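Data first, discussion second: the structure below is written as structure tokens.
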Amino acid sequence: MYFGSVRFFKDLILSSIALIIVILLSLAVFFGIKSSAEHKKAVQAMAQYQELLSQDKLNIPESASFEEIYAALKQKGYSAQKIVEELQKIDSSAMGEVYKTNFYSDETAAASYTSLYPDLYVSPPTEFKYSPKTVYLTFDDGPSDYTLDILNILEKYDIKATFFMCGSSSEHGKEIMKKVAEAGHSIGMHSLSHKYDEIYSSPEAFLKDFNATYQNIYEATGVKPNIYRFPGGSINNSNRFIYRQLIAEVTRRGFVYYDWNVSAEDADNAATWTSVYKNVTKGVENKDRAVILMHATREVTVLTLEDLIVYLKDKGYSFDKITNETKPEIFGYK
Ligand SMILES: [Zn+2]
């Protein structure tokens, strides 16, 4: 009797094992082929894209409007950065046009965090202005007691500057922020916590801090800030994986952000009068427009500021504050 015999069960077990092996092998082959096909497709797409970039034959008529150029490049699959480069070949002030169409807007088109803080919007500028031979003194990280010293020096020389502030929870800090606003300087945001690992951990965490900064500065000064400086600059080591989303989201909400093209390096613990003076005077060399990064929390900044102002005036620079209509100074773009 074969059925029910020891041999029957032996065969049954063996054929079951064989069947399982066959199924597993088929699955492996199927998914292997599929993933290699997808991989091939991705490699091809990448190659096409590289080809497109290297050919650099855009055939866009000179009379085309910025919107037409932008649309044409977009259709060809160019990145936002490439579009900026192409537009700038045609007109160096094109930065503003690209900015208006939202930097990296594809990055956040459908992201869920775009619906957070539905009131956190400001009116974007209608145009950007460029003033030649101008210095923008910018002071990050305040308020602090040094902020008051800086205000006194600026007043002495009748200079308006820009304060990218971290906000404050103390009454004293809020008073200082109010004084900055009342003196007619520009009030910008620079995050509330200033903790890179927190704010750059996700777009949601960034927005939470961004909103808190906005509210804090508005409550303290009565000014609705519309300019921002990313802690560490718009592209830094801590935000390198999400900077495109952050930039897209900040600009989508109408805010304008500013990096710098001269750094006083005054936040460095080893900074001295000599090092700060040298960094700024060397930094502005051959620059028509200088956006100078300094800090409102450092004694060395207060000690050096007056001498720097005298030097820069002597070099023929005018001083101005940044508003959201000032042409942005952004890393990587002229
Ligand atoms: Zn800072």
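Please note that chains go A, B, ... in the order of the structure tokens, that every chain numbers its residues from 1, and that ligands are numbered from 1 in the order shown.
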Exercise answer, 7 Å around ligand 1 with only C-alpha atoms and all ligand atoms, as an mmCIF file with N, CA and C atoms, in the first residue's frame:
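Output (result13.cif):
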```cif
data_model
loop_
_atom_site.group_PDB
_atom_site.id
_atom_site.type_symbol
_atom_site.label_atom_id
_atom_site.label_comp_id
_atom_site.auth_asym_id
_atom_site.auth_seq_id
_atom_site.Cartn_x
_atom_site.Cartn_y
_atom_site.Cartn_z
ATOM 1 N N ASP A 140 23.961 88.631 14.058
ATOM 2 C CA ASP A 140 23.190 87.429 14.382
ATOM 3 C C ASP A 140 23.172 87.182 15.894
ATOM 4 N N ASP A 141 22.265 86.309 16.282
ATOM 5 C CA ASP A 141 22.255 85.662 17.608
ATOM 6 C C ASP A 141 21.750 86.504 18.783
ATOM 7 N N HIS A 190 16.337 84.334 13.157
ATOM 8 C CA HIS A 190 17.538 83.489 13.104
ATOM 9 C C HIS A 190 17.343 82.233 13.947
ATOM 10 N N HIS A 194 18.392 77.899 18.118
ATOM 11 C CA HIS A 194 19.748 77.924 17.552
ATOM 12 C C HIS A 194 20.460 76.589 17.746
ATOM 13 N N PRO A 231 20.586 79.477 10.754
ATOM 14 C CA PRO A 231 21.757 79.255 11.597
ATOM 15 C C PRO A 231 22.777 78.391 10.842
ATOM 16 N N GLY A 232 23.999 78.880 10.762
ATOM 17 C CA GLY A 232 25.039 78.156 10.018
ATOM 18 C C GLY A 232 24.977 78.399 8.526
#
```
Item checked: Residue list (strand (DSSP E or B), DSSP) for region 169-331 of chain A, as a list in words -> Ser186, Ile187, Gly188, Met189, Ile227, Tyr228, Val256, Tyr257, Val262, Ser263, Arg289, Ala290, Val291, Ile292, Leu293, Met294, His295, Ser318, Phe319 and Thr326 of chain A
Notebook entry, point to check: Can you list, as a PyMOL selection string, every protein, DNA or RNA residue that comes within 12 Å of Thr304 (chain A) when you count only C-alpha atoms, leaving out same-chain residues fewer than 4 positions away?
Noted result: chain A and resi 149-150+153+264+266+271-281+294-295+298-300+308-311
Check: What does the distance between CA of Asn261 (chain A) and CA of Lys321 (chain A) come to in Å, to one decimal place?
Finding: 15.2 Å
Neighbour list for Glu171 (chain A) as a PDB file with C-alpha atoms, in the first residue's frame, cut-off 12 Å, only C-alpha atoms, skip fewer than 6 positions in-chain:
```
ATOM      1  CA  PRO A 143      19.503  90.026  21.738  1.00  0.00           C
ATOM      2  CA  SER A 144      22.203  90.454  24.365  1.00  0.00           C
ATOM      3  CA  MET A 177      14.647  93.680  20.788  1.00  0.00           C
ATOM      4  CA  LYS A 178      12.152  96.520  20.978  1.00  0.00           C
ATOM      5  CA  ASN A 216       8.467  85.803  19.682  1.00  0.00           C
ATOM      6  CA  GLU A 219       5.300  89.964  20.280  1.00  0.00           C
ATOM      7  CA  ALA A 220       8.460  91.727  21.460  1.00  0.00           C
ATOM      8  CA  THR A 221       8.800  94.308  18.685  1.00  0.00           C
TER       9      THR A 221
END
```
Notebook entry, point to check: What gap, in Å, lies between CA of Gly283 (chain A) and CA of Ile322 (chain A)?
Noted result: 18.9 Å
Margin query: Just list as a ChimeraX atom specification whatever in region 196-298 of chain A DSSP marks as alpha helix (DSSP H).
Written below: /A:196-199,203-221,243-252,273-283
Next item on the list: Find the residues near region 198-209 of chain A: any atom within 12 Å, counting only C-alpha atoms, skip ones fewer than 6 places away on the same chain, and give them as a ChimeraX atom specification.
Entry: /A:107-108,111-118,120-121,166-167,189-192,215-216,230-250,253
